[in-house]
2 protein chains.
Amino acid sequence: MREPAEVIQFVRAEARRRGVRWTSQRQTIVEAFVASGDHLTVEEIHRRARLSDGTVSAATVYRTLNLLVEIGVAAKRQFGDGSSTFEPNLDKPHHDHLVCLGCGTIREFQRDIIEAIQEDVARELDFVLASHRLELYGWCAACRAKGLMQVPVQPTVAVRPL
Amino acid sequence: MREPAEVIQFVRAEARRRGVRWTSQRQTIVEAFVASGDHLTVEEIHRRARLSDGTVSAATVYRTLNLLVEIGVAAKRQFGDGSSTFEPNLDKPHHDHLVCLGCGTIREFQRDIIEAIQEDVARELDFVLASHRLELYGWCAACRAKGLMQVPVQPTVAVRPL
DNA sequence: ATACATGCAAACTGTTTGCAGAACA
DNA sequence: TGTTCTGCAAACAGTTTGCATGTAT
């Protein structure tokens with residue numbers, strides 16, 4: 001990803017182009033968001049933004065993140081656990097996610113072959129495909145070492161065949 | 001999938017084995033669920049159950065569906081749109097989903113190669129993988145004919161590169 | 001000056017839960 | 001009979017929204 005300062009400059013310019021005003025809260029939130037990593041929950045972004053400005057509200061964090069998604073510099077992800085996470089999304093190529101069931105860490109990966117599967121399925125079922133989402137769930141080395149291997153989330157196969 | 005009556009019999013037996021009582025509401029809900037198709041929302045299952053018994057509450061529908069998931073005869077799916085859907089899940093092999101962005105129809109498909117991708121990524125990132133979820137989004141032939149091709153949900157690539 | 005943005009609280013959606021009464025075993 | 005289940009309403013989490021006030025342009 002690019003430098004945070006460069007990202008913020010781009011967002012500001014894009015906001016102005018749309019007649020959207022640049023406020024200190026938006027500056028604070030965008031800084032907190034782009035500065036420190038991927039796949040943050042709204043709560044976490046809010047927490048970090050408040051380190052700089054203790055008065056920013058959750059509503060403004062939501063409004064700002066939705067704006068970033070609209071502008072195209074953030075992507076909203078919904079993993080299985082209820083709340084959404086956001087990740088900076090600038091010149092990254094498409095990628096998918098690997099979620100650790102122990103610690104929640106999210107890794108990214110990319111495999112071209114998935115596009116081929118897409119095309120193949122599209123042909124078979126007569127769809128025109130727009131996008132996909134692939135998530136792998138498992139345990140990272142650190143969690144395995146700690147013995148954190150519980151029953152997988154959302155089993156998709158019958159426990160006991162009929 | 002097996003015959004509805006057979007499914008219900010299995011669920012009943014499994015419930016008894018666990019000391020779970022069989023009530024008319026559960027009978028009604030399970031009938032509505034297994035009789036009529038895949039990927040129903042809770043709201044839809046509730047609506048159908050009330051056709052037989054107008055007094056069943058949403059709470060009981062939730063409790064019953066969660067019980068079915070626990071027993072292993074239903075799978076809960078969370079697509080991007082907030083609410084969960086449930087599908088009967090008996091002797092089906094693992095499969096993934098293709099969602100029409102126009103009408104919401106969900107088709108199932110299966111590709112063995114996805115397991116190979118899983119293994120490959122797991123090796124590279126040193127994970128032990130438990131499951132995956134692959135969703136394709138696009139438009140079915142009927143929706144294309146009707147001109148229903150709007151902007152895709154949840155864009156994952158920047159609209160305008162930095 | 002005047003739109004637009006903010007913070008707060010209330011509304012909303014999907015889901016779970018506590019409780020008193022009903023019903024299975 | 002005794003435990004489990006139901007329906008209802010309230011609680012909950014995550015998110016959005018209406019409104020009076022504040023502020024960027």
# chains A, B, ... in the order shown; residues from 1 in each chain; ligands from 1

$ interface_residues --of "chain A" --to "chain D" --cutoff "8 Å" --atoms "only C-alpha atoms (C1' of nucleotides)" --output "list in words"
Arg21, Trp22, Thr23, Tyr62, Gly82 and Ser83 of chain A

$ calpha_fit_and_write --fixed "chain B" --moving "chain A" --output "CSV table (one decimal) with N, CA and C atoms, in the first residue's frame"
chain,number,residue,atom,x,y,z
A,1,MET,N,-31.7,-35.2,-1.5
A,1,MET,CA,-32.1,-35.3,-0.1
A,1,MET,C,-33.1,-36.4,0.1
A,2,ARG,N,-33.2,-36.9,1.4
A,2,ARG,CA,-34.1,-38.0,1.7
A,2,ARG,C,-35.6,-37.4,1.7
A,3,GLU,N,-36.5,-38.4,1.9
A,3,GLU,CA,-37.9,-38.0,2.1
A,3,GLU,C,-38.1,-37.2,3.4
A,4,PRO,N,-38.9,-36.2,3.3
A,4,PRO,CA,-39.2,-35.4,4.5
A,4,PRO,C,-39.6,-36.2,5.7
A,5,ALA,N,-40.4,-37.2,5.5
A,5,ALA,CA,-40.9,-38.0,6.7
A,5,ALA,C,-39.7,-38.7,7.3
A,6,GLU,N,-38.8,-39.2,6.5
A,6,GLU,CA,-37.6,-39.9,7.0
A,6,GLU,C,-36.7,-38.9,7.8
A,7,VAL,N,-36.6,-37.7,7.2
A,7,VAL,CA,-35.8,-36.7,7.9
A,7,VAL,C,-36.3,-36.4,9.3
A,8,ILE,N,-37.6,-36.2,9.3
A,8,ILE,CA,-38.3,-35.8,10.6
A,8,ILE,C,-38.1,-37.0,11.6
A,9,GLN,N,-38.2,-38.2,11.1
A,9,GLN,CA,-38.1,-39.3,12.0
A,9,GLN,C,-36.7,-39.3,12.6
A,10,PHE,N,-35.7,-39.1,11.8
A,10,PHE,CA,-34.3,-39.0,12.2
A,10,PHE,C,-34.1,-37.9,13.3
A,11,VAL,N,-34.7,-36.7,13.0
A,11,VAL,CA,-34.5,-35.6,13.9
A,11,VAL,C,-35.2,-36.0,15.2
A,12,ARG,N,-36.3,-36.6,15.2
A,12,ARG,CA,-37.0,-36.9,16.4
A,12,ARG,C,-36.2,-37.9,17.2
A,13,ALA,N,-35.7,-38.9,16.6
A,13,ALA,CA,-34.9,-39.9,17.3
A,13,ALA,C,-33.6,-39.3,17.9
A,14,GLU,N,-33.0,-38.4,17.1
A,14,GLU,CA,-31.8,-37.8,17.6
A,14,GLU,C,-32.1,-36.8,18.8
A,15,ALA,N,-33.3,-36.2,18.7
A,15,ALA,CA,-33.7,-35.3,19.8
A,15,ALA,C,-34.0,-36.1,21.1
A,16,ARG,N,-34.6,-37.3,20.9
A,16,ARG,CA,-34.9,-38.1,22.1
A,16,ARG,C,-33.6,-38.5,22.7
A,17,ARG,N,-32.7,-39.0,21.9
A,17,ARG,CA,-31.4,-39.4,22.4
A,17,ARG,C,-30.7,-38.4,23.2
A,18,ARG,N,-31.0,-37.1,22.9
A,18,ARG,CA,-30.4,-36.0,23.7
A,18,ARG,C,-31.3,-35.5,24.8
A,19,GLY,N,-32.4,-36.2,25.0
A,19,GLY,CA,-33.3,-35.7,26.1
A,19,GLY,C,-34.0,-34.4,25.7
A,20,VAL,N,-34.1,-34.2,24.4
A,20,VAL,CA,-34.9,-33.0,23.9
A,20,VAL,C,-36.3,-33.5,23.5
A,21,ARG,N,-37.3,-32.7,24.0
A,21,ARG,CA,-38.6,-33.1,23.8
A,21,ARG,C,-39.2,-32.8,22.4
A,22,TRP,N,-40.1,-33.6,21.9
A,22,TRP,CA,-40.6,-33.4,20.6
A,22,TRP,C,-42.0,-32.7,20.8
A,23,THR,N,-42.1,-31.5,20.3
A,23,THR,CA,-43.4,-30.8,20.5
A,23,THR,C,-44.0,-30.5,19.1
A,24,SER,N,-45.3,-30.1,19.2
A,24,SER,CA,-46.0,-29.9,17.9
A,24,SER,C,-45.4,-28.8,17.2
A,25,GLN,N,-44.9,-27.8,17.9
A,25,GLN,CA,-44.2,-26.6,17.2
A,25,GLN,C,-43.0,-27.1,16.4
A,26,ARG,N,-42.2,-27.9,17.1
A,26,ARG,CA,-41.0,-28.4,16.4
A,26,ARG,C,-41.4,-29.3,15.2
A,27,GLN,N,-42.4,-30.1,15.3
A,27,GLN,CA,-42.9,-30.8,14.2
A,27,GLN,C,-43.2,-29.9,13.0
A,28,THR,N,-44.0,-28.9,13.4
A,28,THR,CA,-44.5,-27.9,12.4
A,28,THR,C,-43.3,-27.2,11.7
A,29,ILE,N,-42.4,-26.8,12.5
A,29,ILE,CA,-41.2,-26.0,11.9
A,29,ILE,C,-40.4,-26.9,11.1
A,30,VAL,N,-40.1,-28.1,11.6
A,30,VAL,CA,-39.2,-29.0,10.8
A,30,VAL,C,-39.9,-29.4,9.5
A,31,GLU,N,-41.2,-29.6,9.6
A,31,GLU,CA,-41.9,-30.0,8.3
A,31,GLU,C,-41.8,-28.8,7.3
A,32,ALA,N,-42.0,-27.6,7.8
A,32,ALA,CA,-42.0,-26.5,6.9
A,32,ALA,C,-40.6,-26.3,6.3
A,33,PHE,N,-39.6,-26.6,7.1
A,33,PHE,CA,-38.2,-26.4,6.7
A,33,PHE,C,-37.8,-27.5,5.7
A,34,VAL,N,-38.0,-28.8,6.0
A,34,VAL,CA,-37.5,-29.8,5.1
A,34,VAL,C,-38.3,-30.0,3.9
A,35,ALA,N,-39.6,-29.7,4.0
A,35,ALA,CA,-40.5,-29.9,2.9
A,35,ALA,C,-40.1,-29.0,1.7
A,36,SER,N,-39.8,-27.8,2.0
A,36,SER,CA,-39.9,-26.9,0.9
A,36,SER,C,-38.6,-26.1,0.6
A,37,GLY,N,-37.6,-26.9,0.3
A,37,GLY,CA,-36.4,-26.2,-0.4
A,37,GLY,C,-35.3,-25.7,0.5
A,38,ASP,N,-34.4,-25.2,-0.2
A,38,ASP,CA,-33.1,-24.8,0.3
A,38,ASP,C,-33.0,-23.3,0.7
A,39,HIS,N,-32.1,-23.0,1.5
A,39,HIS,CA,-31.7,-21.6,1.7
A,39,HIS,C,-32.8,-20.7,2.0
A,40,LEU,N,-33.6,-21.1,3.0
A,40,LEU,CA,-34.7,-20.2,3.4
A,40,LEU,C,-34.2,-19.3,4.6
A,41,THR,N,-34.7,-18.1,4.6
A,41,THR,CA,-34.5,-17.2,5.7
A,41,THR,C,-35.4,-17.6,6.9
A,42,VAL,N,-35.0,-17.2,8.0
A,42,VAL,CA,-35.8,-17.5,9.2
A,42,VAL,C,-37.2,-17.0,9.1
A,43,GLU,N,-37.3,-15.8,8.5
A,43,GLU,CA,-38.6,-15.1,8.3
A,43,GLU,C,-39.5,-16.0,7.4
A,44,GLU,N,-38.9,-16.5,6.4
A,44,GLU,CA,-39.6,-17.4,5.4
A,44,GLU,C,-40.0,-18.7,6.1
A,45,ILE,N,-39.2,-19.3,6.8
A,45,ILE,CA,-39.5,-20.5,7.5
A,45,ILE,C,-40.6,-20.3,8.5
A,46,HIS,N,-40.5,-19.1,9.2
A,46,HIS,CA,-41.6,-18.8,10.2
A,46,HIS,C,-42.9,-18.6,9.5
A,47,ARG,N,-42.9,-17.9,8.4
A,47,ARG,CA,-44.1,-17.7,7.6
A,47,ARG,C,-44.7,-19.0,7.2
A,48,ARG,N,-43.9,-19.9,6.7
A,48,ARG,CA,-44.5,-21.2,6.3
A,48,ARG,C,-45.0,-22.0,7.4
A,49,ALA,N,-44.3,-22.0,8.5
A,49,ALA,CA,-44.7,-22.7,9.7
A,49,ALA,C,-46.0,-22.2,10.2
A,50,ARG,N,-46.2,-20.9,10.1
A,50,ARG,CA,-47.5,-20.4,10.6
A,50,ARG,C,-48.7,-20.7,9.7
A,51,LEU,N,-48.4,-21.2,8.5
A,51,LEU,CA,-49.5,-21.7,7.7
A,51,LEU,C,-50.2,-22.9,8.3
A,52,SER,N,-49.4,-23.7,9.0
A,52,SER,CA,-49.9,-24.9,9.7
A,52,SER,C,-50.4,-24.5,11.1
A,53,ASP,N,-49.6,-23.7,11.8
A,53,ASP,CA,-49.9,-23.3,13.1
A,53,ASP,C,-49.7,-21.9,13.3
A,54,GLY,N,-50.7,-21.1,13.4
A,54,GLY,CA,-50.6,-19.6,13.4
A,54,GLY,C,-50.0,-19.1,14.6
A,55,THR,N,-49.7,-19.9,15.6
A,55,THR,CA,-49.2,-19.4,16.9
A,55,THR,C,-47.7,-19.5,17.1
A,56,VAL,N,-47.1,-20.3,16.2
A,56,VAL,CA,-45.6,-20.5,16.5
A,56,VAL,C,-44.9,-19.1,16.4
A,57,SER,N,-44.0,-18.9,17.4
A,57,SER,CA,-43.3,-17.7,17.5
A,57,SER,C,-42.0,-17.7,16.8
A,58,ALA,N,-41.4,-16.6,16.5
A,58,ALA,CA,-40.1,-16.5,15.9
A,58,ALA,C,-39.1,-17.1,16.8
A,59,ALA,N,-39.2,-16.8,18.1
A,59,ALA,CA,-38.2,-17.3,19.0
A,59,ALA,C,-38.1,-18.9,18.9
A,60,THR,N,-39.2,-19.5,18.8
A,60,THR,CA,-39.2,-21.0,18.7
A,60,THR,C,-38.6,-21.4,17.4
A,61,VAL,N,-38.8,-20.7,16.3
A,61,VAL,CA,-38.2,-21.0,15.1
A,61,VAL,C,-36.7,-20.9,15.2
A,62,TYR,N,-36.2,-19.8,15.8
A,62,TYR,CA,-34.8,-19.7,16.0
A,62,TYR,C,-34.2,-20.9,16.8
A,63,ARG,N,-35.0,-21.2,17.9
A,63,ARG,CA,-34.5,-22.2,18.8
A,63,ARG,C,-34.4,-23.6,18.1
A,64,THR,N,-35.5,-23.8,17.3
A,64,THR,CA,-35.5,-25.1,16.6
A,64,THR,C,-34.4,-25.2,15.5
A,65,LEU,N,-34.2,-24.1,14.8
A,65,LEU,CA,-33.2,-24.1,13.7
A,65,LEU,C,-31.8,-24.3,14.3
A,66,ASN,N,-31.6,-23.7,15.4
A,66,ASN,CA,-30.3,-23.8,16.1
A,66,ASN,C,-30.1,-25.3,16.6
A,67,LEU,N,-31.2,-25.9,17.0
A,67,LEU,CA,-31.2,-27.3,17.4
A,67,LEU,C,-30.8,-28.2,16.2
A,68,LEU,N,-31.4,-27.9,15.1
A,68,LEU,CA,-31.2,-28.7,13.9
A,68,LEU,C,-29.7,-28.6,13.5
A,69,VAL,N,-29.1,-27.4,13.6
A,69,VAL,CA,-27.7,-27.2,13.3
A,69,VAL,C,-26.9,-28.0,14.2
A,70,GLU,N,-27.2,-28.0,15.5
A,70,GLU,CA,-26.5,-28.7,16.5
A,70,GLU,C,-26.5,-30.2,16.2
A,71,ILE,N,-27.7,-30.7,15.9
A,71,ILE,CA,-27.9,-32.1,15.6
A,71,ILE,C,-27.1,-32.5,14.3
A,72,GLY,N,-27.0,-31.5,13.4
A,72,GLY,CA,-26.2,-31.7,12.2
A,72,GLY,C,-27.0,-31.9,11.0
A,73,VAL,N,-28.3,-31.6,11.0
A,73,VAL,CA,-29.2,-31.8,9.8
A,73,VAL,C,-29.5,-30.5,9.1
A,74,ALA,N,-29.0,-29.4,9.6
A,74,ALA,CA,-29.2,-28.1,9.0
A,74,ALA,C,-27.9,-27.4,9.0
A,75,ALA,N,-27.7,-26.5,8.0
A,75,ALA,CA,-26.5,-25.7,7.9
A,75,ALA,C,-26.9,-24.3,7.8
A,76,LYS,N,-26.3,-23.4,8.6
A,76,LYS,CA,-26.6,-22.0,8.6
A,76,LYS,C,-25.6,-21.3,7.7
A,77,ARG,N,-26.1,-20.5,6.8
A,77,ARG,CA,-25.3,-19.8,5.9
A,77,ARG,C,-25.5,-18.3,6.1
A,78,GLN,N,-24.4,-17.6,6.0
A,78,GLN,CA,-24.5,-16.1,6.1
A,78,GLN,C,-24.0,-15.5,4.8
A,79,PHE,N,-24.9,-15.1,4.0
A,79,PHE,CA,-24.5,-14.3,2.8
A,79,PHE,C,-24.4,-12.9,3.2
A,80,GLY,N,-24.0,-12.0,2.2
A,80,GLY,CA,-23.7,-10.7,2.6
A,80,GLY,C,-24.8,-9.8,3.2
A,81,ASP,N,-26.0,-10.2,3.1
A,81,ASP,CA,-27.1,-9.3,3.3
A,81,ASP,C,-27.7,-9.3,4.7
A,82,GLY,N,-26.9,-9.5,5.7
A,82,GLY,CA,-27.4,-9.3,7.0
A,82,GLY,C,-28.0,-10.6,7.6
A,83,SER,N,-29.1,-11.1,7.1
A,83,SER,CA,-29.8,-12.2,7.7
A,83,SER,C,-29.2,-13.5,7.3
A,84,SER,N,-29.5,-14.5,8.1
A,84,SER,CA,-28.9,-15.9,7.8
A,84,SER,C,-30.0,-16.7,7.0
A,85,THR,N,-29.5,-17.7,6.3
A,85,THR,CA,-30.4,-18.6,5.7
A,85,THR,C,-30.0,-20.0,6.2
A,86,PHE,N,-30.9,-20.9,6.2
A,86,PHE,CA,-30.7,-22.3,6.6
A,86,PHE,C,-31.0,-23.2,5.4
A,87,GLU,N,-30.2,-24.3,5.4
A,87,GLU,CA,-30.5,-25.3,4.3
A,87,GLU,C,-30.4,-26.7,5.0
A,88,PRO,N,-31.3,-27.6,4.6
A,88,PRO,CA,-31.2,-28.9,5.0
A,88,PRO,C,-29.8,-29.5,4.6
A,89,ASN,N,-29.3,-30.3,5.5
A,89,ASN,CA,-27.9,-30.7,5.3
A,89,ASN,C,-27.7,-32.2,5.8
A,90,LEU,N,-28.1,-33.1,4.9
A,90,LEU,CA,-28.0,-34.5,5.5
A,90,LEU,C,-26.9,-35.3,4.9
A,91,ASP,N,-27.1,-35.8,3.7
A,91,ASP,CA,-26.0,-36.6,3.2
A,91,ASP,C,-25.4,-35.9,2.0
A,92,LYS,N,-25.6,-34.6,1.9
A,92,LYS,CA,-25.0,-33.8,0.8
A,92,LYS,C,-23.5,-33.7,1.0
A,93,PRO,N,-22.8,-33.8,-0.1
A,93,PRO,CA,-21.3,-33.5,0.0
A,93,PRO,C,-21.1,-32.0,0.1
A,94,HIS,N,-19.9,-31.7,0.4
A,94,HIS,CA,-19.6,-30.2,0.5
A,94,HIS,C,-19.9,-29.6,-0.8
A,95,HIS,N,-20.4,-28.4,-0.7
A,95,HIS,CA,-20.7,-27.6,-2.0
A,95,HIS,C,-20.6,-26.1,-1.7
A,96,ASP,N,-20.5,-25.4,-2.7
A,96,ASP,CA,-20.4,-23.9,-2.6
A,96,ASP,C,-21.6,-23.3,-3.3
A,97,HIS,N,-21.7,-21.9,-3.2
A,97,HIS,CA,-22.9,-21.2,-3.6
A,97,HIS,C,-22.6,-20.1,-4.7
A,98,LEU,N,-23.6,-20.0,-5.5
A,98,LEU,CA,-23.6,-19.0,-6.6
A,98,LEU,C,-24.9,-18.2,-6.3
A,99,VAL,N,-24.7,-16.9,-6.1
A,99,VAL,CA,-25.8,-16.0,-5.7
A,99,VAL,C,-26.1,-15.1,-6.9
A,100,CYS,N,-27.4,-15.0,-7.3
A,100,CYS,CA,-27.8,-14.1,-8.3
A,100,CYS,C,-28.0,-12.7,-7.7
A,101,LEU,N,-27.3,-11.7,-8.2
A,101,LEU,CA,-27.4,-10.4,-7.7
A,101,LEU,C,-28.8,-9.7,-8.1
A,102,GLY,N,-29.4,-10.3,-9.0
A,102,GLY,CA,-30.7,-9.7,-9.5
A,102,GLY,C,-31.8,-10.2,-8.6
A,103,CYS,N,-32.0,-11.5,-8.6
A,103,CYS,CA,-33.2,-12.0,-7.9
A,103,CYS,C,-32.9,-12.8,-6.6
A,104,GLY,N,-31.6,-12.9,-6.3
A,104,GLY,CA,-31.3,-13.5,-5.0
A,104,GLY,C,-31.3,-15.1,-5.0
A,105,THR,N,-31.6,-15.6,-6.2
A,105,THR,CA,-31.6,-17.1,-6.3
A,105,THR,C,-30.2,-17.6,-5.9
A,106,ILE,N,-30.2,-18.8,-5.2
A,106,ILE,CA,-28.9,-19.4,-4.9
A,106,ILE,C,-28.8,-20.7,-5.5
A,107,ARG,N,-27.8,-20.9,-6.3
A,107,ARG,CA,-27.5,-22.2,-6.9
A,107,ARG,C,-26.3,-22.9,-6.2
A,108,GLU,N,-26.3,-24.2,-6.2
A,108,GLU,CA,-25.1,-24.9,-5.5
A,108,GLU,C,-24.2,-25.4,-6.6
A,109,PHE,N,-22.9,-25.5,-6.3
A,109,PHE,CA,-22.0,-26.2,-7.2
A,109,PHE,C,-20.9,-26.8,-6.4
A,110,GLN,N,-20.2,-27.7,-7.1
A,110,GLN,CA,-19.1,-28.4,-6.4
A,110,GLN,C,-17.9,-28.6,-7.3
A,111,ARG,N,-16.8,-28.2,-6.8
A,111,ARG,CA,-15.5,-28.4,-7.6
A,111,ARG,C,-14.4,-28.9,-6.7
A,112,ASP,N,-14.0,-30.1,-7.1
A,112,ASP,CA,-12.9,-30.7,-6.2
A,112,ASP,C,-11.7,-29.9,-6.1
A,113,ILE,N,-11.4,-29.1,-7.2
A,113,ILE,CA,-10.1,-28.4,-7.2
A,113,ILE,C,-10.0,-27.4,-6.1
A,114,ILE,N,-11.1,-27.0,-5.5
A,114,ILE,CA,-11.0,-26.1,-4.4
A,114,ILE,C,-10.3,-26.7,-3.2
A,115,GLU,N,-10.4,-28.0,-3.0
A,115,GLU,CA,-9.7,-28.7,-1.9
A,115,GLU,C,-8.2,-28.6,-2.2
A,116,ALA,N,-7.8,-28.7,-3.5
A,116,ALA,CA,-6.4,-28.6,-3.8
A,116,ALA,C,-5.9,-27.2,-3.5
A,117,ILE,N,-6.7,-26.2,-3.8
A,117,ILE,CA,-6.2,-24.8,-3.5
A,117,ILE,C,-6.1,-24.7,-2.0
A,118,GLN,N,-7.0,-25.2,-1.2
A,118,GLN,CA,-6.9,-25.2,0.2
A,118,GLN,C,-5.6,-25.7,0.7
A,119,GLU,N,-5.3,-26.9,0.2
A,119,GLU,CA,-4.0,-27.6,0.7
A,119,GLU,C,-2.8,-26.8,0.3
A,120,ASP,N,-2.9,-26.2,-0.9
A,120,ASP,CA,-1.7,-25.4,-1.4
A,120,ASP,C,-1.5,-24.2,-0.5
A,121,VAL,N,-2.6,-23.5,-0.2
A,121,VAL,CA,-2.5,-22.3,0.6
A,121,VAL,C,-2.1,-22.6,2.0
A,122,ALA,N,-2.6,-23.7,2.5
A,122,ALA,CA,-2.3,-24.2,3.9
A,122,ALA,C,-0.8,-24.4,4.0
A,123,ARG,N,-0.2,-25.1,3.0
A,123,ARG,CA,1.2,-25.4,3.0
A,123,ARG,C,2.0,-24.1,3.0
A,124,GLU,N,1.6,-23.2,2.1
A,124,GLU,CA,2.4,-21.9,2.0
A,124,GLU,C,2.3,-21.1,3.3
A,125,LEU,N,1.2,-21.0,3.9
A,125,LEU,CA,1.0,-20.1,5.1
A,125,LEU,C,1.1,-20.8,6.4
A,126,ASP,N,1.4,-22.1,6.4
A,126,ASP,CA,1.5,-23.0,7.6
A,126,ASP,C,0.3,-22.9,8.4
A,127,PHE,N,-0.8,-23.3,7.8
A,127,PHE,CA,-2.1,-23.4,8.6
A,127,PHE,C,-2.6,-24.9,8.5
A,128,VAL,N,-3.4,-25.3,9.4
A,128,VAL,CA,-4.1,-26.5,9.3
A,128,VAL,C,-5.6,-26.1,9.0
A,129,LEU,N,-6.1,-26.4,7.8
A,129,LEU,CA,-7.4,-25.9,7.4
A,129,LEU,C,-8.5,-26.8,7.8
A,130,ALA,N,-9.6,-26.2,8.2
A,130,ALA,CA,-10.8,-26.9,8.6
A,130,ALA,C,-11.9,-26.9,7.6
A,131,SER,N,-12.1,-25.7,7.0
A,131,SER,CA,-13.2,-25.6,6.1
A,131,SER,C,-13.0,-24.4,5.2
A,132,HIS,N,-13.9,-24.2,4.3
A,132,HIS,CA,-13.8,-23.0,3.4
A,132,HIS,C,-15.2,-22.6,3.0
A,133,ARG,N,-15.3,-21.4,2.5
A,133,ARG,CA,-16.6,-20.9,2.0
A,133,ARG,C,-16.3,-20.2,0.7
A,134,LEU,N,-16.9,-20.6,-0.3
A,134,LEU,CA,-16.7,-19.9,-1.6
A,134,LEU,C,-18.1,-19.5,-2.1
A,135,GLU,N,-18.2,-18.2,-2.4
A,135,GLU,CA,-19.4,-17.7,-2.9
A,135,GLU,C,-19.1,-16.9,-4.2
A,136,LEU,N,-19.9,-17.2,-5.2
A,136,LEU,CA,-19.8,-16.5,-6.5
A,136,LEU,C,-21.0,-15.6,-6.6
A,137,TYR,N,-20.8,-14.4,-7.1
A,137,TYR,CA,-21.9,-13.5,-7.3
A,137,TYR,C,-22.0,-13.1,-8.8
A,138,GLY,N,-23.2,-13.1,-9.3
A,138,GLY,CA,-23.4,-12.7,-10.7
A,138,GLY,C,-24.9,-12.6,-11.0
A,139,TRP,N,-25.2,-12.8,-12.3
A,139,TRP,CA,-26.6,-12.6,-12.7
A,139,TRP,C,-27.0,-13.8,-13.5
A,140,CYS,N,-28.2,-14.3,-13.2
A,140,CYS,CA,-28.7,-15.5,-14.0
A,140,CYS,C,-29.3,-15.0,-15.3
A,141,ALA,N,-29.6,-16.0,-16.2
A,141,ALA,CA,-30.0,-15.7,-17.5
A,141,ALA,C,-31.3,-14.8,-17.5
A,142,ALA,N,-32.2,-15.2,-16.6
A,142,ALA,CA,-33.5,-14.5,-16.5
A,142,ALA,C,-33.3,-13.0,-16.1
A,143,CYS,N,-32.5,-12.8,-15.2
A,143,CYS,CA,-32.2,-11.4,-14.8
A,143,CYS,C,-31.5,-10.6,-15.9
A,144,ARG,N,-30.6,-11.2,-16.6
A,144,ARG,CA,-30.0,-10.6,-17.7
A,144,ARG,C,-31.0,-10.2,-18.8
A,145,ALA,N,-31.9,-11.1,-19.0
A,145,ALA,CA,-32.9,-10.8,-20.0
A,145,ALA,C,-33.8,-9.6,-19.6
A,146,LYS,N,-34.0,-9.5,-18.3
A,146,LYS,CA,-34.8,-8.3,-17.8
A,146,LYS,C,-34.0,-7.1,-17.7
A,147,GLY,N,-32.7,-7.2,-18.0
A,147,GLY,CA,-31.8,-6.0,-17.9
A,147,GLY,C,-31.4,-5.6,-16.5
A,148,LEU,N,-31.6,-6.6,-15.6
A,148,LEU,CA,-31.2,-6.4,-14.2
A,148,LEU,C,-29.7,-6.6,-13.9
A,149,MET,N,-28.9,-5.7,-14.4
A,149,MET,CA,-27.5,-5.9,-14.1
A,149,MET,C,-26.9,-4.6,-13.6
A,150,GLN,N,-27.1,-4.4,-12.3
A,150,GLN,CA,-26.6,-3.2,-11.6
A,150,GLN,C,-25.2,-3.4,-11.2
A,151,VAL,N,-24.7,-2.4,-10.5
A,151,VAL,CA,-23.3,-2.4,-10.0
A,151,VAL,C,-23.2,-3.6,-9.0
A,152,PRO,N,-22.1,-4.4,-9.1
A,152,PRO,CA,-21.9,-5.5,-8.2
A,152,PRO,C,-21.9,-5.1,-6.7
A,153,VAL,N,-22.4,-5.9,-5.9
A,153,VAL,CA,-22.3,-5.7,-4.5
A,153,VAL,C,-20.8,-5.8,-4.0
A,154,GLN,N,-20.5,-5.2,-2.9
A,154,GLN,CA,-19.2,-5.2,-2.3
A,154,GLN,C,-18.0,-5.3,-3.3
A,155,PRO,N,-17.7,-4.1,-4.0
A,155,PRO,CA,-16.6,-4.1,-4.9
A,155,PRO,C,-15.3,-4.3,-4.1
A,156,THR,N,-14.4,-5.0,-4.6
A,156,THR,CA,-13.2,-5.3,-3.9
A,156,THR,C,-11.9,-4.8,-4.5
A,157,VAL,N,-12.1,-4.0,-5.6
A,157,VAL,CA,-10.9,-3.4,-6.2
A,157,VAL,C,-11.2,-1.9,-6.3
A,158,ALA,N,-10.2,-1.2,-6.1
A,158,ALA,CA,-10.3,0.3,-6.1
A,158,ALA,C,-10.9,0.8,-7.4
A,159,VAL,N,-11.8,1.7,-7.3
A,159,VAL,CA,-12.5,2.3,-8.5
A,159,VAL,C,-11.5,3.1,-9.3
A,160,ARG,N,-10.6,3.7,-8.6
A,160,ARG,CA,-9.6,4.6,-9.3
A,160,ARG,C,-8.3,4.4,-8.6
A,161,PRO,N,-7.3,3.8,-9.3
A,161,PRO,CA,-6.0,3.5,-8.6
A,161,PRO,C,-5.4,4.8,-8.2
A,162,LEU,N,-4.7,4.7,-7.1
A,162,LEU,CA,-4.0,5.9,-6.5
A,162,LEU,C,-3.0,6.4,-7.4

$ closest_atom_pairs --of "chain C" --to "chain B" --cutoff "8 Å" --atoms "only C-alpha atoms (C1' of nucleotides)" --output "Markdown table"
| residue | atom | partner | partner_atom | distance |
| --- | --- | --- | --- | --- |
| C:DG14 | C1' | B:Ser83 | CA | 6.3 |
| C:DT15 | C1' | B:Tyr62 | CA | 7.9 |
| C:DC24 | C1' | B:Arg21 | CA | 6.5 |

$ select_by_dssp --residues "chain B" --states "strand (DSSP E)" --output "MDAnalysis selection string"
chainID B and resid 40:41 74:78 84:88 96:100 106:109 127:140

$ select_by_dssp --residues "range 76-131 of chain B" --states "alpha helix (DSSP H)" --output "mmCIF file with C-alpha atoms, in the first residue's frame"
data_model
loop_
_atom_site.group_PDB
_atom_site.id
_atom_site.type_symbol
_atom_site.label_atom_id
_atom_site.label_comp_id
_atom_site.auth_asym_id
_atom_site.auth_seq_id
_atom_site.Cartn_x
_atom_site.Cartn_y
_atom_site.Cartn_z
ATOM 1 C CA ILE B 113 -10.053 -28.342 -7.235
ATOM 2 C CA ILE B 114 -10.962 -26.017 -4.400
ATOM 3 C CA GLU B 115 -9.628 -28.580 -1.945
ATOM 4 C CA ALA B 116 -6.346 -28.495 -3.803
ATOM 5 C CA ILE B 117 -6.202 -24.729 -3.464
ATOM 6 C CA GLN B 118 -6.899 -25.109 0.231
ATOM 7 C CA GLU B 119 -4.005 -27.485 0.676
ATOM 8 C CA ASP B 120 -1.698 -25.335 -1.348
ATOM 9 C CA VAL B 121 -2.458 -22.182 0.624
ATOM 10 C CA ALA B 122 -2.271 -24.074 3.900
ATOM 11 C CA ARG B 123 1.214 -25.288 3.037
ATOM 12 C CA GLU B 124 2.382 -21.851 2.034
ATOM 13 C CA LEU B 125 1.071 -20.029 5.104
#
